[in-house]
>>> print(open('input-v6.json').read())   # JSON, C-alpha atoms and all ligand atoms
[["chain", "number", "residue", "atom", "x", "y", "z"],
["A", 1, "MET", "CA", 151.51, 113.98, 162.18],
["A", 2, "SER", "CA", 152.17, 116.87, 164.52],
["A", 3, "ALA", "CA", 149.12, 117.95, 166.50],
["A", 4, "GLY", "CA", 150.49, 121.49, 166.71],
["A", 5, "SER", "CA", 150.40, 122.41, 163.03],
["A", 6, "ASP", "CA", 150.76, 120.83, 159.58],
["A", 7, "ASP", "CA", 150.86, 121.70, 155.92],
["A", 8, "GLU", "CA", 147.24, 120.79, 155.25],
["A", 9, "ALA", "CA", 146.11, 123.17, 158.02],
["A", 10, "ARG", "CA", 148.07, 125.94, 156.31],
["A", 11, "GLU", "CA", 146.63, 125.05, 152.92],
["A", 12, "TRP", "CA", 143.03, 125.11, 154.16],
["A", 13, "SER", "CA", 143.59, 128.26, 156.23],
["A", 14, "ALA", "CA", 145.05, 130.05, 153.19],
["A", 15, "ALA", "CA", 142.11, 128.82, 151.10],
["A", 16, "PHE", "CA", 139.67, 130.34, 153.60],
["A", 17, "ALA", "CA", 141.65, 133.60, 153.72],
["A", 18, "THR", "CA", 141.33, 134.03, 149.95],
["A", 19, "ALA", "CA", 137.96, 132.31, 149.57],
["A", 20, "SER", "CA", 135.56, 133.52, 146.93],
["A", 21, "THR", "CA", 132.08, 134.68, 147.82],
["A", 22, "ASP", "CA", 130.75, 131.63, 145.93],
["A", 23, "GLY", "CA", 132.81, 129.30, 148.12],
["A", 24, "MET", "CA", 131.52, 130.79, 151.31],
["A", 25, "GLU", "CA", 127.96, 130.80, 150.01],
["A", 26, "ALA", "CA", 128.43, 127.10, 149.24],
["A", 27, "TYR", "CA", 129.47, 126.59, 152.87],
["A", 28, "GLU", "CA", 126.34, 128.39, 154.05],
["A", 29, "GLU", "CA", 123.97, 126.59, 151.66],
["A", 30, "ALA", "CA", 125.37, 123.08, 151.93],
["A", 31, "LEU", "CA", 126.68, 122.75, 155.48],
["A", 32, "VAL", "CA", 125.45, 125.29, 158.02],
["A", 33, "GLY", "CA", 121.84, 124.11, 158.38],
["A", 34, "PRO", "CA", 122.36, 120.35, 158.58],
["A", 35, "MET", "CA", 125.59, 120.24, 160.58],
["A", 36, "PHE", "CA", 127.20, 123.43, 161.91],
["A", 37, "THR", "CA", 124.03, 124.87, 163.50],
["A", 38, "PRO", "CA", 123.10, 121.70, 165.47],
["A", 39, "TRP", "CA", 126.71, 121.21, 166.54],
["A", 40, "GLY", "CA", 126.82, 124.86, 167.63],
["A", 41, "GLU", "CA", 123.76, 124.36, 169.84],
["A", 42, "TYR", "CA", 125.44, 121.30, 171.32],
["A", 43, "LEU", "CA", 128.65, 123.24, 172.10],
["A", 44, "LEU", "CA", 126.76, 126.14, 173.72],
["A", 45, "ASP", "CA", 124.74, 123.67, 175.82],
["A", 46, "ALA", "CA", 128.00, 122.10, 177.00],
["A", 47, "LEU", "CA", 129.33, 125.58, 177.87],
["A", 48, "THR", "CA", 126.07, 126.45, 179.73],
["A", 49, "VAL", "CA", 125.95, 129.91, 178.18],
["A", 50, "THR", "CA", 123.43, 132.14, 179.97],
["A", 51, "GLN", "CA", 121.78, 135.57, 179.76],
["A", 52, "GLY", "CA", 124.02, 138.61, 180.09],
["A", 53, "GLU", "CA", 127.33, 136.85, 179.35],
["A", 54, "ARG", "CA", 130.09, 138.15, 177.11],
["A", 55, "LEU", "CA", 131.14, 135.56, 174.52],
["A", 56, "LEU", "CA", 134.00, 135.41, 172.02],
["A", 57, "ASP", "CA", 133.55, 133.20, 168.94],
["A", 58, "VAL", "CA", 136.88, 132.57, 167.17],
["A", 59, "ALA", "CA", 136.74, 131.52, 163.49],
["A", 60, "THR", "CA", 133.05, 132.36, 163.43],
["A", 61, "GLY", "CA", 132.69, 131.70, 159.69],
["A", 62, "PRO", "CA", 129.21, 132.85, 158.65],
["A", 63, "GLY", "CA", 128.44, 133.64, 162.31],
["A", 64, "THR", "CA", 127.06, 130.18, 163.06],
["A", 65, "VAL", "CA", 127.81, 129.96, 166.79],
["A", 66, "ALA", "CA", 127.86, 133.74, 167.27],
["A", 67, "ARG", "CA", 124.22, 133.97, 166.21],
["A", 68, "LEU", "CA", 123.12, 131.09, 168.43],
["A", 69, "ALA", "CA", 125.06, 132.66, 171.33],
["A", 70, "SER", "CA", 123.53, 136.07, 170.69],
["A", 71, "ALA", "CA", 120.07, 134.59, 171.30],
["A", 72, "ARG", "CA", 121.28, 132.86, 174.46],
["A", 73, "VAL", "CA", 123.07, 135.83, 176.09],
["A", 74, "GLY", "CA", 120.22, 138.19, 175.13],
["A", 75, "PRO", "CA", 120.26, 141.99, 174.84],
["A", 76, "ALA", "CA", 122.27, 142.38, 178.08],
["A", 77, "GLY", "CA", 125.09, 140.22, 176.74],
["A", 78, "HIS", "CA", 127.69, 140.79, 174.06],
["A", 79, "VAL", "CA", 129.23, 138.66, 171.29],
["A", 80, "LEU", "CA", 132.52, 139.34, 169.51],
["A", 81, "ALA", "CA", 132.96, 137.13, 166.44],
["A", 82, "THR", "CA", 136.30, 136.95, 164.60],
["A", 83, "ASP", "CA", 137.50, 135.26, 161.41],
["A", 84, "LEU", "CA", 140.33, 135.71, 158.93],
["A", 85, "SER", "CA", 138.01, 135.38, 155.92],
["A", 86, "ALA", "CA", 136.41, 138.61, 154.73],
["A", 87, "ALA", "CA", 134.09, 136.55, 152.49],
["A", 88, "MET", "CA", 132.83, 134.53, 155.48],
["A", 89, "LEU", "CA", 132.26, 137.69, 157.54],
["A", 90, "ALA", "CA", 130.34, 139.24, 154.64],
["A", 91, "VAL", "CA", 127.98, 136.24, 154.66],
["A", 92, "ALA", "CA", 127.63, 136.60, 158.45],
["A", 93, "GLU", "CA", 126.90, 140.31, 158.38],
["A", 94, "ALA", "CA", 124.36, 139.95, 155.58],
["A", 95, "LYS", "CA", 122.19, 137.91, 157.96],
["A", 96, "GLY", "CA", 121.50, 141.01, 160.09],
["A", 97, "ASN", "CA", 120.78, 141.05, 163.80],
["A", 98, "VAL", "CA", 119.32, 138.18, 165.80],
["A", 99, "ALA", "CA", 115.82, 139.02, 167.05],
["A", 100, "ASP", "CA", 115.93, 139.66, 170.82],
["A", 101, "GLY", "CA", 119.64, 138.84, 170.82],
["A", 102, "SER", "CA", 122.74, 140.72, 171.89],
["A", 103, "PRO", "CA", 124.62, 142.83, 169.40],
["A", 104, "ILE", "CA", 127.25, 140.82, 167.47],
["A", 105, "GLU", "CA", 130.48, 142.63, 166.64],
["A", 106, "TYR", "CA", 132.22, 141.00, 163.66],
["A", 107, "ARG", "CA", 135.95, 141.60, 163.40],
["A", 108, "LEU", "CA", 138.39, 140.51, 160.67],
["A", 109, "SER", "CA", 141.23, 138.82, 162.55],
["A", 110, "PRO", "CA", 143.39, 135.72, 162.37],
["A", 111, "ALA", "CA", 143.37, 133.46, 165.41],
["A", 112, "VAL", "CA", 146.94, 134.65, 166.13],
["A", 113, "PRO", "CA", 147.32, 137.49, 166.92],
["A", 114, "LEU", "CA", 143.67, 137.74, 167.92],
["A", 115, "ALA", "CA", 142.06, 141.19, 167.80],
["A", 116, "ALA", "CA", 140.24, 140.80, 171.11],
["A", 117, "PRO", "CA", 140.79, 142.59, 174.43],
["A", 118, "ALA", "CA", 142.37, 140.75, 177.37],
["A", 119, "ALA", "CA", 140.40, 139.38, 180.33],
["A", 120, "SER", "CA", 137.09, 140.53, 178.84],
["A", 121, "PHE", "CA", 134.96, 137.44, 178.15],
["A", 122, "ASP", "CA", 133.01, 134.91, 180.22],
["A", 123, "VAL", "CA", 133.09, 132.35, 177.42],
["A", 124, "ALA", "CA", 135.40, 131.76, 174.44],
["A", 125, "CYS", "CA", 134.58, 129.15, 171.82],
["A", 126, "CYS", "CA", 135.85, 127.91, 168.50],
["A", 127, "GLN", "CA", 133.77, 125.47, 166.49],
["A", 128, "HIS", "CA", 135.70, 123.50, 163.85],
["A", 129, "GLY", "CA", 138.35, 126.17, 163.46],
["A", 130, "LEU", "CA", 141.35, 125.04, 165.51],
["A", 131, "GLN", "CA", 142.37, 122.28, 163.11],
["A", 132, "PHE", "CA", 142.94, 124.90, 160.37],
["A", 133, "PHE", "CA", 145.14, 127.24, 162.37],
["A", 134, "PRO", "CA", 148.84, 127.23, 161.47],
["A", 135, "ASP", "CA", 149.62, 128.03, 165.15],
["A", 136, "ARG", "CA", 147.13, 126.06, 167.23],
["A", 137, "GLN", "CA", 148.96, 126.46, 170.50],
["A", 138, "GLY", "CA", 149.19, 130.21, 169.98],
["A", 139, "ALA", "CA", 145.46, 130.36, 169.20],
["A", 140, "LEU", "CA", 144.59, 128.64, 172.47],
["A", 141, "ALA", "CA", 146.84, 131.07, 174.35],
["A", 142, "GLU", "CA", 145.01, 133.97, 172.68],
["A", 143, "MET", "CA", 141.63, 132.58, 173.74],
["A", 144, "ARG", "CA", 143.00, 132.17, 177.26],
["A", 145, "ARG", "CA", 144.21, 135.79, 177.24],
["A", 146, "ALA", "CA", 140.77, 137.06, 176.21],
["A", 147, "LEU", "CA", 138.95, 135.22, 179.02],
["A", 148, "ARG", "CA", 138.48, 136.59, 182.52],
["A", 149, "PRO", "CA", 139.79, 134.31, 185.30],
["A", 150, "GLY", "CA", 137.22, 131.54, 185.68],
["A", 151, "GLY", "CA", 135.97, 132.01, 182.11],
["A", 152, "ARG", "CA", 134.96, 128.89, 180.15],
["A", 153, "MET", "CA", 136.46, 127.71, 176.88],
["A", 154, "GLY", "CA", 134.91, 125.26, 174.43],
["A", 155, "LEU", "CA", 136.24, 123.74, 171.21],
["A", 156, "ALA", "CA", 134.76, 121.43, 168.62],
["A", 157, "VAL", "CA", 137.22, 119.54, 166.40],
["A", 158, "TRP", "CA", 136.12, 116.76, 164.06],
["A", 159, "ALA", "CA", 137.24, 113.25, 164.89],
["A", 160, "GLY", "CA", 138.79, 111.11, 162.11],
["A", 161, "VAL", "CA", 137.16, 111.29, 158.69],
["A", 162, "GLU", "CA", 136.11, 107.62, 158.91],
["A", 163, "THR", "CA", 133.82, 108.66, 161.79],
["A", 164, "CYS", "CA", 132.10, 111.19, 159.50],
["A", 165, "PRO", "CA", 130.93, 108.84, 156.69],
["A", 166, "PRO", "CA", 129.52, 111.41, 154.21],
["A", 167, "PHE", "CA", 132.91, 113.11, 154.14],
["A", 168, "ALA", "CA", 134.83, 109.86, 153.95],
["A", 169, "ALA", "CA", 132.73, 109.28, 150.82],
["A", 170, "LEU", "CA", 133.74, 112.67, 149.41],
["A", 171, "ARG", "CA", 137.37, 111.90, 150.16],
["A", 172, "ASP", "CA", 137.08, 108.58, 148.32],
["A", 173, "ALA", "CA", 135.44, 110.26, 145.33],
["A", 174, "ILE", "CA", 138.27, 112.81, 145.18],
["A", 175, "GLY", "CA", 140.78, 109.96, 145.41],
["A", 176, "GLU", "CA", 139.19, 108.12, 142.51],
["A", 177, "VAL", "CA", 139.15, 111.12, 140.17],
["A", 178, "MET", "CA", 141.97, 113.41, 141.36],
["A", 179, "GLY", "CA", 144.35, 110.96, 143.02],
["A", 180, "LEU", "CA", 145.31, 109.90, 146.50],
["A", 181, "ASP", "CA", 147.39, 112.97, 147.29],
["A", 182, "ALA", "CA", 144.38, 115.24, 146.71],
["A", 183, "ALA", "CA", 142.18, 112.90, 148.78],
["A", 184, "GLU", "CA", 144.60, 113.02, 151.70],
["A", 185, "ARG", "CA", 144.93, 116.76, 151.54],
["A", 186, "TYR", "CA", 141.14, 117.05, 151.57],
["A", 187, "ALA", "CA", 140.70, 114.83, 154.61],
["A", 188, "ARG", "CA", 143.61, 116.14, 156.65],
["A", 189, "GLY", "CA", 142.22, 119.69, 156.72],
["A", 190, "PRO", "CA", 138.99, 119.44, 158.75],
["A", 191, "TRP", "CA", 139.67, 115.91, 160.02],
["A", 192, "GLY", "CA", 143.41, 116.25, 160.53],
["A", 193, "LEU", "CA", 143.51, 116.86, 164.28],
["A", 194, "HIS", "CA", 142.06, 113.65, 165.59],
["A", 195, "ALA", "CA", 144.27, 113.26, 168.62],
["A", 196, "PRO", "CA", 142.25, 113.67, 171.83],
["A", 197, "ARG", "CA", 145.28, 113.36, 174.08],
["A", 198, "ALA", "CA", 147.25, 115.92, 172.08],
["A", 199, "LEU", "CA", 144.26, 118.26, 172.12],
["A", 200, "ALA", "CA", 143.96, 117.99, 175.90],
["A", 201, "ASP", "CA", 147.71, 118.59, 176.29],
["A", 202, "MET", "CA", 147.60, 121.68, 174.07],
["A", 203, "VAL", "CA", 144.68, 123.14, 176.06],
["A", 204, "THR", "CA", 146.48, 122.49, 179.34],
["A", 205, "ALA", "CA", 149.73, 123.99, 178.03],
["A", 206, "ALA", "CA", 147.81, 127.17, 177.13],
["A", 207, "GLY", "CA", 147.03, 127.76, 180.82],
["A", 208, "PHE", "CA", 143.62, 126.14, 181.18],
["A", 209, "GLY", "CA", 142.46, 123.83, 183.96],
["A", 210, "GLU", "CA", 139.57, 121.36, 184.39],
["A", 211, "VAL", "CA", 140.27, 120.13, 180.84],
["A", 212, "SER", "CA", 138.03, 117.47, 179.31],
["A", 213, "VAL", "CA", 137.92, 116.08, 175.79],
["A", 214, "ASP", "CA", 134.97, 113.89, 174.83],
["A", 215, "GLU", "CA", 134.14, 112.32, 171.51],
["A", 216, "THR", "CA", 130.49, 112.48, 170.47],
["A", 217, "ALA", "CA", 128.62, 111.12, 167.44],
["A", 218, "ARG", "CA", 125.41, 112.81, 166.32],
["A", 219, "PRO", "CA", 123.04, 112.14, 163.43],
["A", 220, "VAL", "CA", 123.10, 114.24, 160.27],
["A", 221, "ARG", "CA", 120.78, 114.45, 157.27],
["A", 222, "PHE", "CA", 121.51, 116.26, 154.01],
["A", 223, "GLU", "CA", 118.09, 116.70, 152.37],
["A", 224, "GLY", "CA", 119.74, 117.67, 149.09],
["A", 225, "GLY", "CA", 121.69, 114.41, 149.03],
["A", 226, "ALA", "CA", 124.77, 113.94, 146.87],
["A", 227, "ALA", "CA", 124.28, 117.27, 145.06],
["A", 228, "GLN", "CA", 124.37, 119.12, 148.37],
["A", 229, "LEU", "CA", 127.56, 117.39, 149.45],
["A", 230, "ASP", "CA", 129.09, 117.94, 146.01],
["A", 231, "ARG", "CA", 128.30, 121.66, 146.43],
["A", 232, "SER", "CA", 130.27, 121.67, 149.71],
["A", 233, "LEU", "CA", 133.46, 120.99, 147.72],
["A", 234, "ALA", "CA", 133.38, 124.63, 146.58],
["A", 235, "ALA", "CA", 133.97, 125.57, 150.23],
["A", 236, "SER", "CA", 136.87, 123.17, 150.73],
["A", 237, "GLY", "CA", 140.61, 123.68, 150.68],
["A", 238, "LEU", "CA", 140.60, 122.03, 147.24],
["A", 239, "ALA", "CA", 138.05, 124.46, 145.78],
["A", 240, "VAL", "CA", 140.47, 126.06, 143.33],
["A", 241, "GLU", "CA", 141.79, 122.70, 142.06],
["A", 242, "ILE", "CA", 138.26, 121.35, 141.70],
["A", 243, "GLY", "CA", 137.15, 124.55, 139.96],
["A", 244, "ALA", "CA", 140.00, 124.10, 137.48],
["A", 245, "LEU", "CA", 139.01, 120.55, 136.45],
["A", 246, "ASN", "CA", 137.90, 120.25, 132.83],
["A", 247, "SER", "CA", 134.23, 119.48, 132.28],
["A", 248, "ASP", "CA", 134.79, 115.72, 131.81],
["A", 249, "MET", "CA", 136.80, 115.43, 135.03],
["A", 250, "ARG", "CA", 134.28, 117.56, 136.92],
["A", 251, "ALA", "CA", 131.42, 115.37, 135.69],
["A", 252, "ALA", "CA", 133.41, 112.28, 136.71],
["A", 253, "LEU", "CA", 133.87, 113.75, 140.19],
["A", 254, "GLY", "CA", 130.14, 114.42, 140.48],
["A", 255, "SER", "CA", 129.38, 110.82, 139.47],
["A", 256, "ALA", "CA", 131.95, 109.47, 141.92],
["A", 257, "VAL", "CA", 130.43, 111.55, 144.74],
["A", 258, "ALA", "CA", 126.96, 110.13, 144.00],
["A", 259, "ASP", "CA", 128.38, 106.62, 143.74],
["A", 260, "LYS", "CA", 130.35, 106.74, 147.01],
["A", 261, "LEU", "CA", 127.32, 108.18, 148.85],
["A", 262, "ARG", "CA", 124.89, 105.61, 147.47],
["A", 263, "SER", "CA", 124.85, 103.41, 150.58],
["A", 264, "LEU", "CA", 123.96, 106.48, 152.72],
["A", 265, "THR", "CA", 121.27, 107.76, 150.32],
["A", 266, "ASP", "CA", 117.63, 106.96, 151.04],
["A", 267, "ARG", "CA", 114.73, 106.65, 148.60],
["A", 268, "SER", "CA", 113.98, 110.38, 148.80],
["A", 269, "GLY", "CA", 117.55, 111.15, 147.75],
["A", 270, "ALA", "CA", 118.61, 112.47, 151.16],
["A", 271, "VAL", "CA", 121.92, 111.41, 152.70],
["A", 272, "THR", "CA", 121.49, 110.19, 156.27],
["A", 273, "SER", "CA", 124.43, 109.34, 158.48],
["A", 274, "HIS", "CA", 126.32, 110.59, 161.53],
["A", 275, "LEU", "CA", 129.25, 112.89, 162.29],
["A", 276, "THR", "CA", 131.69, 112.56, 165.17],
["A", 277, "SER", "CA", 133.40, 115.44, 166.92],
["A", 278, "GLN", "CA", 135.76, 115.96, 169.81],
["A", 279, "ILE", "CA", 134.42, 118.50, 172.28],
["A", 280, "ALA", "CA", 137.05, 120.08, 174.53],
["A", 281, "LEU", "CA", 135.99, 122.09, 177.58],
["A", 282, "ALA", "CA", 138.23, 123.95, 180.02],
["A", 283, "VAL", "CA", 138.37, 126.81, 182.49],
["A", 284, "ALA", "CA", 140.81, 129.75, 182.48],
["A", 285, "HIS", "CA", 142.69, 129.96, 185.76],
["B", 1, "LIG", "C1", 134.77, 125.02, 159.07],
["B", 1, "LIG", "S1", 134.69, 126.75, 159.22],
["B", 1, "LIG", "C2", 133.88, 126.91, 160.82],
["B", 1, "LIG", "C3", 133.12, 128.21, 160.91],
["B", 1, "LIG", "C4", 132.18, 128.36, 162.09],
["B", 1, "LIG", "N1", 132.86, 128.25, 163.37],
["B", 1, "LIG", "C5", 131.01, 127.41, 162.02],
["B", 1, "LIG", "O1", 130.80, 126.65, 162.97],
["B", 1, "LIG", "O2", 130.29, 127.42, 161.02],
["B", 1, "LIG", "C6", 136.36, 127.18, 159.63],
["B", 1, "LIG", "C7", 136.57, 128.67, 159.78],
["B", 1, "LIG", "O3", 137.92, 128.88, 160.23],
["B", 1, "LIG", "C8", 138.38, 130.09, 159.65],
["B", 1, "LIG", "N2", 139.83, 130.11, 159.70],
["B", 1, "LIG", "C9", 140.68, 129.29, 159.04],
["B", 1, "LIG", "N3", 141.96, 129.58, 159.35],
["B", 1, "LIG", "C10", 141.91, 130.61, 160.23],
["B", 1, "LIG", "C11", 142.90, 131.37, 160.92],
["B", 1, "LIG", "N4", 144.20, 131.10, 160.77],
["B", 1, "LIG", "N5", 142.49, 132.36, 161.76],
["B", 1, "LIG", "C12", 141.17, 132.61, 161.93],
["B", 1, "LIG", "N6", 140.18, 131.95, 161.29],
["B", 1, "LIG", "C13", 140.55, 130.96, 160.45],
["B", 1, "LIG", "C14", 137.83, 130.04, 158.25],
["B", 1, "LIG", "O4", 137.83, 131.30, 157.60],
["B", 1, "LIG", "C15", 136.44, 129.48, 158.49],
["B", 1, "LIG", "O5", 135.49, 130.50, 158.66]]
>>> encode(input="input-v6.json", output="C-alpha cells")
Amino acid sequence: MSAGSDDEAREWSAAFATASTDGMEAYEEALVGPMFTPWGEYLLDALTVTQGERLLDVATGPGTVARLASARVGPAGHVLATDLSAAMLAVAEAKGNVADGSPIEYRLSPAVPLAAPAASFDVACCQHGLQFFPDRQGALAEMRRALRPGGRMGLAVWAGVETCPPFAALRDAIGEVMGLDAAERYARGPWGLHAPRALADMVTAAGFGEVSVDETARPVRFEGGAAQLDRSLAASGLAVEIGALNSDMRAALGSAVADKLRSLTDRSGAVTSHLTSQIALAVAH
C-alpha cells in the first residue's frame, strides 16, 4: 500500500465531505467523549501548547482538539479550525464558545489547498485526519506553510486496526455480514496509514525538522458497549452501504457486532480495551 494516498482514503474523505447530519452526530455521540477528547489532550500535552499561542487545527471534525486548544491558549490566543465537512463544522459550531477560551474560527476547507494564511501559527495539528486525505504530502506542506519558522506540528494517526481491538471487532463483524471487501475498506480508512517510517519520511519531505514518530497505546472504555460502537458505523466510510442494508441484514450486523465485542464487554455492558496511535511531532524550519 502506498503511504502517500490510496483508494480507501479517497472513499472515506468523500464520505465525510457528503456526510449526513445524523452521521456526524453519531461520531459526536459514540466516539468523541471516550476516545477523541482524551487523545486530543494527549496530543496537546505533547505539543506543549501554552497561553497566548495561535493554533491551527486541520480536519477539526466537531472541533474536538480546537476546543481543548482554545482553553489552553486562553483569551489572548487564537484557534483556526478547518474541515471539509460542513456537517462536522455545524456540530462544532453548535457547541458555542469555550468558557475562558480563545475565539475559535471555523472554516470550511479541504486539507489541500488549505484556507489558512502563511507563516501565521505557533502550532499546527491534525488528529486522525491525515490518513483520510487524498494528498497527504500536500497536506503536510500546507501545514508547514501556515506555521511560522520554529512553529510546532503534531499529528495523530491510528496504528494498525489489530492494535485497536474494539474496531478490529467491528471490522470482523462487517466481514461476517457484508463480506471481506467491505471489511477491508472499513479498516483501511482510519487504520490504513500504519507505516511509522513512511510517516516520518513524509513529514521530513514537507520541510520539517526534529521529526519523531512514537506509537502509544492508551486505555478506552465505551460505557454504552456494543450499541455505542454499532452507532459509530453511521459515521464511517461505509455509512451509506450500511444504511442501505435490509432490516434482516442490519439486525445480523448488530448481532455480529455484539458477538465480536463479547470478550471486551464487562458485566455492566461496557466495552473496555485500548487504542494505539502514532504520534508524529516536528518543527518547521
Ligand atoms: C476521524 S475525524 C477526526 C476529527 C477531529 N480531528 C477529532 O479529533 O475528532 C476525520 C476528519 O477528517 C476530515 N476530513 C476527511 N478528509 C478530509 C480532507 N480531504 N480535507 C479536510 N478534512 C478532511 C473529516 O471531515 C473528519 O472531520
>>> atom_distance(input="input-v6.json", atom1="CA of Tyr27 in chain A", atom2="CA of Gly77 in chain A")
27.8 Å
>>> closest_atom_pairs(input="input-v6.json", of="chain A", to="ligand LIG 1 (chain B)", cutoff="6 Å", atoms="all atoms listed in the file", output="JSON lines")
{"residue": "A:Ser13", "atom": "CA", "partner": "B:LIG1", "partner_atom": "N3", "distance": 3.8}
{"residue": "A:Phe16", "atom": "CA", "partner": "B:LIG1", "partner_atom": "O4", "distance": 4.5}
{"residue": "A:Ala17", "atom": "CA", "partner": "B:LIG1", "partner_atom": "O4", "distance": 5.9}
{"residue": "A:Phe36", "atom": "CA", "partner": "B:LIG1", "partner_atom": "O1", "distance": 4.9}
{"residue": "A:Ala59", "atom": "CA", "partner": "B:LIG1", "partner_atom": "N6", "distance": 4.1}
{"residue": "A:Thr60", "atom": "CA", "partner": "B:LIG1", "partner_atom": "N1", "distance": 4.1}
{"residue": "A:Gly61", "atom": "CA", "partner": "B:LIG1", "partner_atom": "O5", "distance": 3.2}
{"residue": "A:Thr64", "atom": "CA", "partner": "B:LIG1", "partner_atom": "O2", "distance": 4.7}
{"residue": "A:Val65", "atom": "CA", "partner": "B:LIG1", "partner_atom": "O1", "distance": 5.9}
{"residue": "A:Asp83", "atom": "CA", "partner": "B:LIG1", "partner_atom": "N6", "distance": 4.3}
{"residue": "A:Leu84", "atom": "CA", "partner": "B:LIG1", "partner_atom": "C12", "distance": 4.4}
{"residue": "A:Ser85", "atom": "CA", "partner": "B:LIG1", "partner_atom": "O4", "distance": 4.4}
{"residue": "A:Met88", "atom": "CA", "partner": "B:LIG1", "partner_atom": "O5", "distance": 5.8}
{"residue": "A:Pro110", "atom": "CA", "partner": "B:LIG1", "partner_atom": "N5", "distance": 3.5}
{"residue": "A:Ala111", "atom": "CA", "partner": "B:LIG1", "partner_atom": "N5", "distance": 3.9}
{"residue": "A:Cys126", "atom": "CA", "partner": "B:LIG1", "partner_atom": "N1", "distance": 5.9}
{"residue": "A:Gln127", "atom": "CA", "partner": "B:LIG1", "partner_atom": "N1", "distance": 4.3}
{"residue": "A:His128", "atom": "CA", "partner": "B:LIG1", "partner_atom": "C2", "distance": 4.9}
{"residue": "A:Gly129", "atom": "CA", "partner": "B:LIG1", "partner_atom": "O3", "distance": 4.2}
{"residue": "A:Phe132", "atom": "CA", "partner": "B:LIG1", "partner_atom": "N3", "distance": 4.9}
{"residue": "A:Phe133", "atom": "CA", "partner": "B:LIG1", "partner_atom": "N4", "distance": 4.3}
>>> write_last_selection(input="input-v6.json", atoms="C-alpha atoms", output="tab-separated table (two decimals), in the coordinates of the input")
chain	number	residue	atom	x	y	z
A	13	SER	CA	143.59	128.26	156.23
A	16	PHE	CA	139.67	130.34	153.60
A	17	ALA	CA	141.65	133.60	153.72
A	36	PHE	CA	127.20	123.43	161.91
A	59	ALA	CA	136.74	131.52	163.49
A	60	THR	CA	133.05	132.36	163.43
A	61	GLY	CA	132.69	131.70	159.69
A	64	THR	CA	127.06	130.18	163.06
A	65	VAL	CA	127.81	129.96	166.79
A	83	ASP	CA	137.50	135.26	161.41
A	84	LEU	CA	140.33	135.71	158.93
A	85	SER	CA	138.01	135.38	155.92
A	88	MET	CA	132.83	134.53	155.48
A	110	PRO	CA	143.39	135.72	162.37
A	111	ALA	CA	143.37	133.46	165.41
A	126	CYS	CA	135.85	127.91	168.50
A	127	GLN	CA	133.77	125.47	166.49
A	128	HIS	CA	135.70	123.50	163.85
A	129	GLY	CA	138.35	126.17	163.46
A	132	PHE	CA	142.94	124.90	160.37
A	133	PHE	CA	145.14	127.24	162.37
>>> residues_around(input="input-v6.json", residues="range 103-108 of chain A", least_positions_apart="6", cutoff="8 Å", atoms="only C-alpha atoms", output="VMD selection string")
chain A and resid 66 to 67 70 75 77 to 86 89 93 97 115
>>> atom_distance(input="input-v6.json", atom1="CA of Leu233 in chain A", atom2="CA of Glu11 in chain A")
14.7 Å
>>> residues_around(input="input-v6.json", residues="Val240 in chain A", least_positions_apart="6", cutoff="10 Å", atoms="only C-alpha atoms", output="PDB file with C-alpha atoms, in the coordinates of the input")
ATOM      1  CA  ALA A  15     142.110 128.820 151.100  1.00  0.00           C
ATOM      2  CA  ALA A  19     137.960 132.310 149.570  1.00  0.00           C
ATOM      3  CA  SER A  20     135.560 133.520 146.930  1.00  0.00           C
ATOM      4  CA  GLY A  23     132.810 129.300 148.120  1.00  0.00           C
ATOM      5  CA  LEU A 233     133.460 120.990 147.720  1.00  0.00           C
ATOM      6  CA  ALA A 234     133.380 124.630 146.580  1.00  0.00           C
TER       7      ALA A 234
END
>>> atom_distance(input="input-v6.json", atom1="CA of Met35 in chain A", atom2="CA of Ala9 in chain A")
20.9 Å
>>> closest_residue(input="input-v6.json", among="A:Leu56, A:Ala169, A:Ala87, A:Ile242", to="Val73 in chain A", atoms="only C-alpha atoms")
A:Leu56
>>> residues_around(input="input-v6.json", residues="Gly175 in chain A", least_positions_apart="4", cutoff="12 Å", atoms="only C-alpha atoms", output="MDAnalysis selection string")
chainID A and resid 168:171 179:187 252:253 256:257 260
>>> closest_residue(input="input-v6.json", among="A:Ala282, A:Leu199, A:Leu229, A:Val49", to="Val211 in chain A", atoms="only C-alpha atoms")
A:Ala282
>>> closest_residue(input="input-v6.json", among="A:Ala139, A:Val220, A:Met153, A:Ala251", to="Leu264 in chain A", atoms="all atoms listed in the file")
A:Val220
>>> closest_residue(input="input-v6.json", among="A:Gly40, A:Gly74, A:Gly138, A:Gly189", to="Leu155 in chain A", atoms="only C-alpha atoms")
A:Gly40
>>> closest_residue(input="input-v6.json", among="A:Ala270, A:Ala217, A:Glu25, A:Asp7", to="Gly192 in chain A", atoms="only C-alpha atoms")
A:Asp7
>>> closest_residue(input="input-v6.json", among="A:Asn246, A:Gln131, A:Thr276, A:Thr50", to="Val161 in chain A", atoms="all atoms listed in the file")
A:Thr276
>>> residues_around(input="input-v6.json", residues="Arg145 in chain A", least_positions_apart="6", cutoff="9 Å", atoms="only C-alpha atoms", output="ChimeraX atom specification")
/A:116-120,284
>>> residues_around(input="input-v6.json", residues="Val123 in chain A", least_positions_apart="6", cutoff="9 Å", atoms="only C-alpha atoms", output="list in words")
Leu47, Val49, Glu53, Arg54, Leu55, Leu56, Asp57, Leu147, Arg148, Gly151, Arg152, Met153 and Gly154 of chain A
>>> build_atoms(input="input-v6.json", residues="range 162-166 of chain A", atoms="N, CA and C atoms", output="PDB file, keeping the file's coordinate frame")
ATOM      1  N   GLU A 162     136.893 108.872 158.993  1.00  0.00           N
ATOM      2  CA  GLU A 162     136.110 107.620 158.910  1.00  0.00           C
ATOM      3  C   GLU A 162     134.898 107.667 159.837  1.00  0.00           C
ATOM      4  N   THR A 163     134.942 108.527 160.859  1.00  0.00           N
ATOM      5  CA  THR A 163     133.820 108.660 161.790  1.00  0.00           C
ATOM      6  C   THR A 163     132.793 109.688 161.305  1.00  0.00           C
ATOM      7  N   CYS A 164     133.022 110.237 160.134  1.00  0.00           N
ATOM      8  CA  CYS A 164     132.100 111.190 159.500  1.00  0.00           C
ATOM      9  C   CYS A 164     131.828 110.656 158.081  1.00  0.00           C
ATOM     10  N   PRO A 165     131.008 109.589 157.956  1.00  0.00           N
ATOM     11  CA  PRO A 165     130.930 108.840 156.690  1.00  0.00           C
ATOM     12  C   PRO A 165     130.615 109.650 155.431  1.00  0.00           C
ATOM     13  N   PRO A 166     129.744 110.686 155.475  1.00  0.00           N
ATOM     14  CA  PRO A 166     129.520 111.410 154.210  1.00  0.00           C
ATOM     15  C   PRO A 166     130.802 112.037 153.675  1.00  0.00           C
TER      16      PRO A 166
END
